[in-house]
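Asks: target28.cif is reproduced in full below (mmCIF, C-alpha atoms).
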data_protein
#
loop_
_atom_site.label_atom_id
_atom_site.label_comp_id
_atom_site.auth_asym_id
_atom_site.auth_seq_id
_atom_site.Cartn_x
_atom_site.Cartn_y
_atom_site.Cartn_z
CA ALA A 1 127.99 -207.27 -135.62
CA ALA A 2 128.72 -203.96 -137.35
CA ALA A 3 127.37 -205.31 -140.65
CA LEU A 4 124.22 -206.52 -138.89
CA VAL A 5 123.66 -203.06 -137.39
CA ARG A 6 124.29 -201.32 -140.72
CA ASP A 7 121.96 -203.61 -142.67
CA ARG A 8 119.08 -203.38 -140.20
CA VAL A 9 119.03 -199.63 -139.46
CA GLY A 10 115.50 -198.41 -138.82
CA ALA A 11 114.41 -201.66 -137.13
CA GLY A 12 111.28 -201.42 -135.01
CA VAL A 13 111.18 -201.11 -131.22
CA LEU A 14 110.48 -204.31 -129.31
CA LYS A 15 109.95 -202.48 -126.02
CA THR A 16 111.08 -199.60 -123.87
CA LYS A 17 113.27 -200.40 -120.89
CA ALA A 18 113.94 -198.13 -117.88
CA THR A 19 112.49 -194.97 -119.49
CA ARG A 20 110.55 -193.95 -122.59
CA GLY A 21 113.86 -193.10 -124.27
CA ASP A 22 115.57 -196.37 -123.39
CA LEU A 23 114.67 -198.51 -126.39
CA LEU A 24 115.28 -202.12 -127.34
CA THR A 25 115.25 -203.65 -130.82
CA ALA A 26 115.82 -207.22 -131.95
CA VAL A 27 119.14 -206.09 -133.42
CA ASP A 28 120.56 -205.17 -129.99
CA GLY A 29 120.32 -208.76 -128.80
CA GLU A 30 121.33 -210.31 -132.12
CA ALA A 31 124.46 -208.16 -132.35
CA GLN A 32 125.44 -209.09 -128.79
CA GLU A 33 124.99 -212.79 -129.60
CA VAL A 34 127.37 -212.44 -132.56
CA ILE A 35 130.03 -210.72 -130.42
CA GLU A 36 129.65 -213.07 -127.47
CA ALA A 37 129.87 -216.16 -129.66
CA ALA A 38 133.11 -214.90 -131.20
CA VAL A 39 134.60 -214.06 -127.79
CA ARG A 40 133.67 -217.42 -126.26
CA ALA A 41 135.09 -219.29 -129.25
CA ALA A 42 138.40 -217.42 -129.18
CA PHE A 43 138.75 -216.90 -125.40
CA PRO A 44 136.66 -219.54 -123.60
CA ALA A 45 138.17 -218.71 -120.20
CA HIS A 46 137.26 -215.01 -120.39
CA ALA A 47 134.17 -213.52 -118.74
CA PHE A 48 131.61 -211.50 -120.71
CA LEU A 49 129.25 -208.69 -119.68
CA GLY A 50 126.92 -207.28 -122.32
CA GLU A 51 124.24 -204.64 -121.94
CA GLU A 52 121.49 -206.87 -123.28
CA SER A 53 122.06 -209.44 -120.50
CA VAL A 54 121.36 -206.90 -117.75
CA PRO A 55 118.01 -205.54 -116.48
CA ALA A 56 117.33 -201.90 -117.36
CA GLY A 57 118.20 -198.95 -115.14
CA ALA A 58 121.25 -197.35 -113.57
CA THR A 59 121.05 -199.36 -110.33
CA ALA A 60 120.78 -202.68 -112.13
CA SER A 61 123.63 -201.73 -114.44
CA ALA A 62 125.93 -200.76 -111.57
CA ASP A 63 124.98 -203.91 -109.64
CA ALA A 64 125.64 -206.13 -112.67
CA LEU A 65 129.10 -204.66 -113.17
CA ARG A 66 129.95 -204.97 -109.49
CA CYS A 67 128.85 -208.61 -109.45
CA ALA A 68 130.84 -209.32 -112.62
CA LEU A 69 133.98 -207.76 -111.17
CA ASP A 70 133.65 -209.30 -107.70
CA ALA A 71 132.58 -212.78 -108.74
CA CYS A 72 134.61 -213.08 -111.91
CA GLY A 73 136.48 -216.38 -112.04
CA SER A 74 138.68 -215.06 -114.81
CA ASP A 75 141.27 -212.29 -114.88
CA TRP A 76 139.68 -211.04 -118.12
CA LEU A 77 136.29 -209.38 -118.60
CA TRP A 78 134.78 -208.20 -121.89
CA VAL A 79 132.38 -205.25 -121.41
CA VAL A 80 130.20 -204.77 -124.49
CA ASP A 81 127.49 -202.51 -125.81
CA PRO A 82 126.45 -204.13 -129.09
CA LEU A 83 124.47 -201.11 -130.29
CA ASP A 84 125.12 -197.79 -128.56
CA GLY A 85 122.66 -195.21 -129.84
CA THR A 86 119.50 -197.29 -130.19
CA THR A 87 117.22 -194.27 -130.52
CA ASN A 88 119.32 -193.00 -133.43
CA PHE A 89 119.19 -196.49 -134.92
CA VAL A 90 115.40 -196.73 -134.67
CA GLN A 91 115.04 -193.30 -136.28
CA SER A 92 117.38 -194.31 -139.15
CA LEU A 93 119.93 -191.76 -137.98
CA PRO A 94 123.30 -193.28 -139.02
CA LEU A 95 125.11 -192.41 -135.78
CA VAL A 96 125.55 -195.51 -133.63
CA GLY A 97 128.52 -197.45 -132.34
CA VAL A 98 129.52 -200.96 -131.37
CA SER A 99 131.61 -200.66 -128.20
CA ILE A 100 133.93 -203.38 -126.88
CA GLY A 101 136.21 -202.94 -123.88
CA VAL A 102 138.46 -205.66 -122.47
CA ALA A 103 139.46 -205.34 -118.81
CA ARG A 104 142.22 -207.25 -117.05
CA ARG A 105 142.64 -207.87 -113.33
CA VAL A 106 146.08 -206.71 -112.20
CA GLY A 107 148.02 -206.41 -108.94
CA GLU A 108 148.47 -208.69 -105.98
CA ALA A 109 146.08 -209.67 -103.15
CA ALA A 110 144.44 -206.58 -101.60
CA GLU A 111 145.94 -204.36 -104.29
CA ARG A 112 144.19 -206.17 -107.13
CA ARG A 113 142.17 -203.97 -109.46
CA TRP A 114 140.67 -203.94 -112.93
CA GLU A 115 142.00 -201.86 -115.80
CA VAL A 116 140.81 -201.66 -119.39
CA VAL A 117 143.59 -202.79 -121.71
CA VAL A 118 141.82 -202.95 -125.09
CA GLY A 119 139.14 -200.66 -126.48
CA VAL A 120 137.32 -200.80 -129.81
CA VAL A 121 134.52 -198.59 -131.12
CA VAL A 122 133.14 -199.38 -134.57
CA ASP A 123 131.03 -196.92 -136.57
CA PRO A 124 129.14 -199.21 -138.98
CA PHE A 125 127.97 -196.41 -141.25
CA ARG A 126 131.25 -194.54 -141.70
CA GLU A 127 133.11 -197.87 -141.79
CA GLU A 128 135.48 -196.56 -139.13
CA THR A 129 137.12 -198.58 -136.38
CA VAL A 130 138.85 -196.72 -133.55
CA THR A 131 141.07 -198.96 -131.43
CA ALA A 132 143.46 -198.62 -128.53
CA THR A 133 145.63 -200.85 -126.38
CA LEU A 134 146.98 -199.81 -123.01
CA GLY A 135 150.29 -198.10 -123.68
CA GLY A 136 149.97 -198.69 -127.41
CA GLY A 137 148.26 -195.52 -128.60
CA CYS A 138 145.00 -195.03 -130.48
CA THR A 139 144.29 -195.56 -134.17
CA LEU A 140 141.50 -194.87 -136.65
CA ASN A 141 141.39 -197.58 -139.34
CA GLY A 142 145.03 -198.29 -138.52
CA SER A 143 146.32 -194.69 -138.61
CA PRO A 144 147.38 -192.98 -135.35
CA VAL A 145 145.08 -190.28 -133.99
CA ARG A 146 145.42 -187.66 -131.25
CA VAL A 147 142.99 -185.47 -129.34
CA GLY A 148 142.73 -181.79 -130.23
CA VAL A 149 144.66 -178.94 -128.64
CA GLU A 150 141.98 -176.22 -128.50
CA PRO A 151 141.08 -174.49 -125.21
CA LEU A 152 137.51 -174.28 -123.96
CA ALA A 153 136.77 -171.03 -125.81
CA ASP A 154 137.32 -172.85 -129.12
CA ALA A 155 135.94 -176.20 -128.01
CA VAL A 156 133.14 -178.28 -129.50
CA VAL A 157 131.76 -180.08 -126.45
CA ALA A 158 129.40 -183.05 -126.60
CA THR A 159 127.02 -184.37 -124.00
CA GLY A 160 124.14 -186.81 -123.60
CA PHE A 161 120.49 -186.90 -122.63
CA ALA A 162 118.58 -189.15 -120.28
CA PRO A 163 114.88 -188.49 -119.63
CA THR A 164 115.02 -188.91 -115.87
CA GLU A 165 114.75 -186.05 -113.40
CA ALA A 166 117.95 -187.02 -111.60
CA SER A 167 119.97 -186.92 -114.83
CA LEU A 168 118.17 -184.30 -116.89
CA ALA A 169 118.48 -181.44 -114.39
CA PRO A 170 122.31 -181.52 -114.05
CA MET A 171 122.75 -182.05 -117.79
CA VAL A 172 120.63 -178.98 -118.60
CA ARG A 173 122.67 -176.93 -116.12
CA GLY A 174 125.83 -178.25 -117.70
CA ILE A 175 124.73 -177.42 -121.25
CA ALA A 176 123.86 -173.85 -120.21
CA ALA A 177 127.13 -173.33 -118.35
CA VAL A 178 129.40 -174.90 -120.95
CA GLY A 179 127.49 -173.31 -123.83
CA ALA A 180 128.28 -169.89 -122.43
CA ARG A 181 132.02 -170.62 -122.51
CA ALA A 182 132.64 -173.05 -125.37
CA ARG A 183 132.34 -172.56 -129.12
CA THR A 184 129.29 -174.84 -129.16
CA VAL A 185 127.64 -177.88 -127.56
CA ARG A 186 126.47 -180.95 -129.45
CA MET A 187 124.28 -183.89 -128.38
CA LEU A 188 124.87 -186.83 -130.74
CA GLY A 189 123.08 -189.75 -129.10
CA SER A 190 125.91 -192.30 -128.77
CA ALA A 191 128.41 -192.13 -125.92
CA ALA A 192 130.72 -194.57 -127.69
CA ILE A 193 130.85 -192.44 -130.84
CA MET A 194 131.30 -189.20 -128.89
CA LEU A 195 134.23 -190.66 -126.95
CA ALA A 196 135.78 -192.02 -130.15
CA TRP A 197 135.43 -188.61 -131.76
CA VAL A 198 137.11 -186.92 -128.79
CA ALA A 199 139.99 -189.35 -129.31
CA CYS A 200 140.11 -188.45 -133.02
CA GLY A 201 140.05 -184.70 -132.34
CA ARG A 202 136.65 -184.17 -133.98
CA LEU A 203 135.16 -183.23 -130.62
CA SER A 204 137.02 -181.39 -127.88
CA ALA A 205 135.24 -182.96 -124.92
CA TYR A 206 132.32 -185.06 -123.71
CA PHE A 207 130.61 -184.98 -120.32
CA GLU A 208 127.83 -187.05 -118.80
CA ALA A 209 126.20 -187.13 -115.36
CA ASP A 210 125.70 -190.90 -115.37
CA LEU A 211 127.02 -193.49 -117.79
CA ASN A 212 127.05 -197.30 -117.83
CA ALA A 213 130.34 -199.18 -118.05
CA TRP A 214 129.53 -200.75 -121.43
CA ASP A 215 129.09 -197.25 -122.87
CA SER A 216 132.37 -195.95 -121.50
CA ALA A 217 134.88 -198.80 -121.07
CA ALA A 218 136.25 -198.77 -124.63
CA GLY A 219 135.94 -195.03 -125.22
CA VAL A 220 137.80 -194.01 -122.08
CA LEU A 221 140.84 -195.99 -123.19
CA LEU A 222 140.62 -194.47 -126.68
CA VAL A 223 140.70 -190.94 -125.26
CA ARG A 224 143.55 -191.63 -122.86
CA GLU A 225 145.68 -193.39 -125.46
CA ALA A 226 145.07 -190.49 -127.87
CA GLY A 227 146.56 -188.10 -125.30
CA GLY A 228 143.36 -186.92 -123.62
CA LEU A 229 142.25 -186.78 -120.00
CA VAL A 230 139.35 -188.59 -118.35
CA SER A 231 138.09 -187.92 -114.82
CA ASP A 232 134.88 -188.08 -112.89
CA LEU A 233 132.98 -184.80 -112.64
CA ARG A 234 134.59 -183.99 -109.29
CA GLY A 235 138.04 -184.28 -110.81
CA GLY A 236 138.77 -187.67 -109.27
CA PRO A 237 140.11 -190.72 -111.11
CA PHE A 238 137.75 -192.47 -113.52
CA GLY A 239 137.72 -196.26 -113.24
CA ILE A 240 135.70 -199.01 -114.85
CA ALA A 241 132.94 -198.68 -112.23
CA SER A 242 132.79 -194.85 -112.35
CA ARG A 243 129.65 -193.28 -113.80
CA PRO A 244 129.88 -189.43 -113.97
CA MET A 245 132.43 -188.53 -116.66
CA LEU A 246 134.42 -185.73 -118.22
CA ALA A 247 136.65 -186.76 -121.17
CA SER A 248 138.51 -184.09 -123.09
CA ASN A 249 141.71 -182.88 -124.61
CA ALA A 250 144.29 -181.67 -122.11
CA ALA A 251 143.92 -178.00 -122.99
CA ALA A 252 140.22 -177.79 -122.09
CA HIS A 253 139.94 -180.26 -119.22
CA ALA A 254 140.69 -178.16 -116.13
CA GLU A 255 138.53 -175.21 -117.19
CA LEU A 256 135.66 -177.50 -118.21
CA ARG A 257 135.79 -179.24 -114.85
CA GLU A 258 135.59 -175.88 -113.06
CA VAL A 259 132.65 -174.73 -115.20
CA LEU A 260 130.75 -177.95 -114.52
CA ARG A 261 131.57 -177.85 -110.82
CA ASP A 262 130.30 -174.27 -110.54
CA ALA A 263 127.08 -175.39 -112.26
CA ARG A 264 126.74 -178.26 -109.73
CA VAL A 265 127.15 -180.90 -112.42
CA LEU A 266 128.80 -183.59 -110.32
CA GLY A 267 126.62 -186.60 -111.11
CA LEU A 268 122.95 -187.40 -110.66
CA ASP A 269 120.89 -184.92 -108.67
CA PRO A 270 119.48 -186.34 -105.42
CA LEU A 271 115.74 -186.92 -105.60
#
Would you mind writing the file's structure down as structure tokens?

Replies:
Amino acid sequence: AAALVRDRVGAGVLKTKATRGDLLTAVDGEAQEVIEAAVRAAFPAHAFLGEESVPAGATASADALRCALDACGSDWLWVVDPLDGTTNFVQSLPLVGVSIGVARRVGEAAERRWEVVVGVVVDPFREETVTATLGGGCTLNGSPVRVGVEPLADAVVATGFAPTEASLAPMVRGIAAVGARARTVRMLGSAAIMLAWVACGRLSAYFEADLNAWDSAAGVLLVREAGGLVSDLRGGPFGIASRPMLASNAAAHAELREVLRDARVLGLDPL
């Protein structure tokens, strides 16, 4: 799938999805088909949820994940974004990721829950693969990596952009508030890559008002296994169905959460 993405960079847009910035190319679907075929061949009893099989929009995405988790006949669920950063891809900007998270159902009866136990983010253009297993640490091309140790004043903080009123307003407030306290703010266009780079210590933190599970499932595990912290924007636990996110190194997390809270960046704004 990574080779397919690398070889087809700059592919044309088939259509827009939920918004003018939510693009679809033929490569998105083709890359998902490659991944899904490999998963079904190796693990025929496992369930699979890929972005390209779900209608566009935050509500449809959340509903699809909830249905997959509730109705899953397997104790294993693969959550996949075959091409995270489609706008970058269309513009021939070599900053996209292939994101694969594997969740397992654990616990007994009423206590059963899902936890991500394997995460992989592949950067096709840098030929980098960042991987993590639950309790096994995080590696970049096989070498262990750790998050940074810098406080917010020295932090390089990343964030995203979604051209909807409910998402854009809190993100703009967040950029202004964090930009006044951090070294700088960057917007790179791929949640999977930004999370992987937090895990590798290249970025100090990443926050987002609303994020789909296929964008975050792998990256959250990478950050945690690299020694970082991940919470929702209110400071609560971040699970596979959570959407607002703050992922960072331990040194910057608490102060960043306070800055974002004071700026009322807690998730989508009510419309």

Asks: Evaluating the PyMOL selection byres ((chain A and resi 143) around 12) on the displayed file yields which residues, as number ranges by chain?

Replies: A: 128-132, 137-142, 144-146, 200, 226

Asks: For the structure shown, which residues end up in the PyMOL selection byres ((chain A and resi 267) around 9)? Put them as an MDAnalysis selection string, please?

Replies: chainID A and resid 166:167 170:171 208:210 232:234 243:245 264:266 268:269

Asks: Run through the PyMOL selection byres ((chain A and resi 104) around 9) on the given coordinates and return the selected residues as a PyMOL selection string.

Replies: chain A and resi 74-78+102-103+105-106+113-117

Asks: Which residues come within 6 Å of Ala205 of chain A, counting all atoms listed in the file, excluding same-chain residues fewer than 3 positions away, as a list in words?

Replies: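 Here the qualifying residues turn out to be Val157, Val198, Ala247 and Ser248 of chain A.
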
Asks: Would you mind exporting C-alpha atoms of the selected residues as a CSV table (one decimal), keeping the file's coordinate frame?

Replies:
chain,number,residue,atom,x,y,z
A,157,VAL,CA,131.8,-180.1,-126.4
A,198,VAL,CA,137.1,-186.9,-128.8
A,247,ALA,CA,136.6,-186.8,-121.2
A,248,SER,CA,138.5,-184.1,-123.1

Asks: Rank nothing, just name the residue among A:Leu211, A:Leu256, A:Ala71, A:Met187 nearest to Ala155 of chain A, using all atoms listed in the file.

Replies: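 Using all atoms listed in the file, the shortest distance to Ala155 of chain A belongs to A:Leu256.
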
Asks: Using all atoms listed in the file, which of the listed residues (A:Ala213, A:Leu134, A:Val118, A:Ala162) sits closest to Val54 of chain A?

Replies: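 The answer is A:Ala213, which sits nearest to Val54 of chain A.
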
Asks: Give the answer as one residue: which of A:Asp215, A:Asp262, A:Gly135, A:Arg257 has the shortest atom-to-atom distance to Arg173 of chain A, using all atoms listed in the file?

Replies: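 Comparing A:Asp215, A:Asp262, A:Gly135, A:Arg257 against Arg173 of chain A, the winner is A:Asp262.
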
Asks: In Å, rounded to a single decimal, give me how far atom CA of Phe207 of chain A is from atom CA of Gly97 of chain A.

Replies: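 Taking atom CA of Gly97 of chain A and atom CA of Phe207 of chain A, their separation equals 17.4 Å.
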
Asks: Near segment 29-32 of chain A, counting only C-alpha atoms, which residues have an atom at most 8 Å away, once you skip same-chain residues fewer than 3 positions from it, shown as a VMD selection string?

Replies: chain A and resid 1 to 2 4 to 5 25 to 26 35 to 36 50 52 80 to 83

Asks: My list of candidates is A:Arg202, A:Arg181, A:Arg6, A:His253. Which is closest to Phe125 of chain A when distances are computed with all atoms listed in the file?

Replies: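 Result for the nearest residue to Phe125 of chain A: A:Arg6.
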
Asks: Report, in Å with one decimal, the straight-line distance from atom CA of Leu246 of chain A to atom CA of Ser231 of chain A.

Replies: 5.5 Å

Asks: For each of A:Ala64, A:Ala196, A:Val147, A:Val121, take the minimum atom-to-atom distance to Leu229 of chain A, counting all atoms listed in the file, then give the residue where this is smallest.

Replies: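 Of A:Ala64, A:Ala196, A:Val147, A:Val121, the one nearest Leu229 of chain A is A:Val147, counting all atoms listed in the file.
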
Asks: Taking all atoms listed in the file into account, which of A:Ala3, A:Ala254, A:Val172, A:Ala158 comes nearest Arg186 of chain A?

Replies: A:Ala158

Asks: Enclose the full set of atoms of segment 244-255 of chain A listed in the file within a box whose edges lie along x, y and z, apply 5 Å of padding to each of the six sides, and report centre and edge lengths in Å to one decimal as lines of an AutoDock Vina configuration file.

Replies:
center_x = 137.1
center_y = -182.3
center_z = -119.3
size_x = 24.4
size_y = 24.2
size_z = 20.6

Asks: Identify the residues within 12 Å of coordinate (128.2, -170.8, -119.3) (same frame as the file), considering all atoms listed in the file, and give the answer as a PDB file with C-alpha atoms, in the frame of the given file.

Replies:
ATOM      1  CA  LEU A 152     137.510-174.280-123.960  1.00  0.00           C
ATOM      2  CA  ALA A 153     136.770-171.030-125.810  1.00  0.00           C
ATOM      3  CA  VAL A 172     120.630-178.980-118.600  1.00  0.00           C
ATOM      4  CA  ARG A 173     122.670-176.930-116.120  1.00  0.00           C
ATOM      5  CA  GLY A 174     125.830-178.250-117.700  1.00  0.00           C
ATOM      6  CA  ILE A 175     124.730-177.420-121.250  1.00  0.00           C
ATOM      7  CA  ALA A 176     123.860-173.850-120.210  1.00  0.00           C
ATOM      8  CA  ALA A 177     127.130-173.330-118.350  1.00  0.00           C
ATOM      9  CA  VAL A 178     129.400-174.900-120.950  1.00  0.00           C
ATOM     10  CA  GLY A 179     127.490-173.310-123.830  1.00  0.00           C
ATOM     11  CA  ALA A 180     128.280-169.890-122.430  1.00  0.00           C
ATOM     12  CA  ARG A 181     132.020-170.620-122.510  1.00  0.00           C
ATOM     13  CA  ALA A 182     132.640-173.050-125.370  1.00  0.00           C
ATOM     14  CA  ARG A 183     132.340-172.560-129.120  1.00  0.00           C
ATOM     15  CA  THR A 184     129.290-174.840-129.160  1.00  0.00           C
ATOM     16  CA  VAL A 185     127.640-177.880-127.560  1.00  0.00           C
ATOM     17  CA  GLU A 255     138.530-175.210-117.190  1.00  0.00           C
ATOM     18  CA  LEU A 256     135.660-177.500-118.210  1.00  0.00           C
ATOM     19  CA  GLU A 258     135.590-175.880-113.060  1.00  0.00           C
ATOM     20  CA  VAL A 259     132.650-174.730-115.200  1.00  0.00           C
ATOM     21  CA  LEU A 260     130.750-177.950-114.520  1.00  0.00           C
ATOM     22  CA  ARG A 261     131.570-177.850-110.820  1.00  0.00           C
ATOM     23  CA  ASP A 262     130.300-174.270-110.540  1.00  0.00           C
ATOM     24  CA  ALA A 263     127.080-175.390-112.260  1.00  0.00           C
TER      25      ALA A 263
END

Asks: Mind pulling up the distance from atom CA of Arg40 of chain A to atom CA of Gly189 of chain A?

Replies: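 According to the coordinates, atom CA of Gly189 of chain A and atom CA of Arg40 of chain A are separated by 29.8 Å.
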
Asks: Any idea what's packed within 10 Å of Leu65 of chain A, counting all atoms listed in the file, ignoring anything in its chain fewer than 4 positions away? Could you give it as a PyMOL selection string?

Replies: chain A and resi 49-50+54+60-61+69-71+79+212-214+240-241

Asks: Counting all atoms listed in the file, what is within 9 Å of Glu150 of chain A, bar same-chain residues fewer than 4 positions away, as an NGL selection string?

Replies: :A and (154-155 or 204 or 249-252)

Asks: How about completing segment 172-183 of chain A with N, CA, C and O atoms and giving it to me as a PDB file, in the coordinates of the input?

Replies:
ATOM      1  N   VAL A 172     121.094-180.281-118.098  1.00  0.00           N
ATOM      2  CA  VAL A 172     120.630-178.980-118.600  1.00  0.00           C
ATOM      3  C   VAL A 172     121.475-177.863-118.005  1.00  0.00           C
ATOM      4  O   VAL A 172     121.855-176.916-118.717  1.00  0.00           O
ATOM      5  N   ARG A 173     121.789-177.943-116.720  1.00  0.00           N
ATOM      6  CA  ARG A 173     122.670-176.930-116.120  1.00  0.00           C
ATOM      7  C   ARG A 173     124.029-176.940-116.795  1.00  0.00           C
ATOM      8  O   ARG A 173     124.619-175.894-117.064  1.00  0.00           O
ATOM      9  N   GLY A 174     124.527-178.140-117.071  1.00  0.00           N
ATOM     10  CA  GLY A 174     125.830-178.250-117.700  1.00  0.00           C
ATOM     11  C   GLY A 174     125.843-177.665-119.100  1.00  0.00           C
ATOM     12  O   GLY A 174     126.795-176.960-119.487  1.00  0.00           O
ATOM     13  N   ILE A 175     124.807-177.947-119.890  1.00  0.00           N
ATOM     14  CA  ILE A 175     124.730-177.420-121.250  1.00  0.00           C
ATOM     15  C   ILE A 175     124.714-175.890-121.215  1.00  0.00           C
ATOM     16  O   ILE A 175     125.399-175.225-122.005  1.00  0.00           O
ATOM     17  N   ALA A 176     123.935-175.311-120.300  1.00  0.00           N
ATOM     18  CA  ALA A 176     123.860-173.850-120.210  1.00  0.00           C
ATOM     19  C   ALA A 176     125.210-173.263-119.807  1.00  0.00           C
ATOM     20  O   ALA A 176     125.662-172.257-120.391  1.00  0.00           O
ATOM     21  N   ALA A 177     125.854-173.865-118.835  1.00  0.00           N
ATOM     22  CA  ALA A 177     127.130-173.330-118.350  1.00  0.00           C
ATOM     23  C   ALA A 177     128.236-173.472-119.379  1.00  0.00           C
ATOM     24  O   ALA A 177     128.991-172.534-119.643  1.00  0.00           O
ATOM     25  N   VAL A 178     128.339-174.654-119.964  1.00  0.00           N
ATOM     26  CA  VAL A 178     129.400-174.900-120.950  1.00  0.00           C
ATOM     27  C   VAL A 178     129.114-174.115-122.224  1.00  0.00           C
ATOM     28  O   VAL A 178     130.034-173.561-122.852  1.00  0.00           O
ATOM     29  N   GLY A 179     127.838-174.039-122.621  1.00  0.00           N
ATOM     30  CA  GLY A 179     127.490-173.310-123.830  1.00  0.00           C
ATOM     31  C   GLY A 179     127.855-171.839-123.779  1.00  0.00           C
ATOM     32  O   GLY A 179     128.108-171.217-124.817  1.00  0.00           O
ATOM     33  N   ALA A 180     127.904-171.292-122.580  1.00  0.00           N
ATOM     34  CA  ALA A 180     128.280-169.890-122.430  1.00  0.00           C
ATOM     35  C   ALA A 180     129.781-169.666-122.557  1.00  0.00           C
ATOM     36  O   ALA A 180     130.227-168.521-122.728  1.00  0.00           O
ATOM     37  N   ARG A 181     130.554-170.752-122.500  1.00  0.00           N
ATOM     38  CA  ARG A 181     132.020-170.620-122.510  1.00  0.00           C
ATOM     39  C   ARG A 181     132.689-171.280-123.708  1.00  0.00           C
ATOM     40  O   ARG A 181     133.793-170.895-124.096  1.00  0.00           O
ATOM     41  N   ALA A 182     132.049-172.296-124.267  1.00  0.00           N
ATOM     42  CA  ALA A 182     132.640-173.050-125.370  1.00  0.00           C
ATOM     43  C   ALA A 182     132.193-172.474-126.711  1.00  0.00           C
ATOM     44  O   ALA A 182     131.296-171.626-126.781  1.00  0.00           O
ATOM     45  N   ARG A 183     132.798-172.968-127.791  1.00  0.00           N
ATOM     46  CA  ARG A 183     132.340-172.560-129.120  1.00  0.00           C
ATOM     47  C   ARG A 183     130.911-173.045-129.354  1.00  0.00           C
ATOM     48  O   ARG A 183     130.057-172.317-129.846  1.00  0.00           O
TER      49      ARG A 183
END
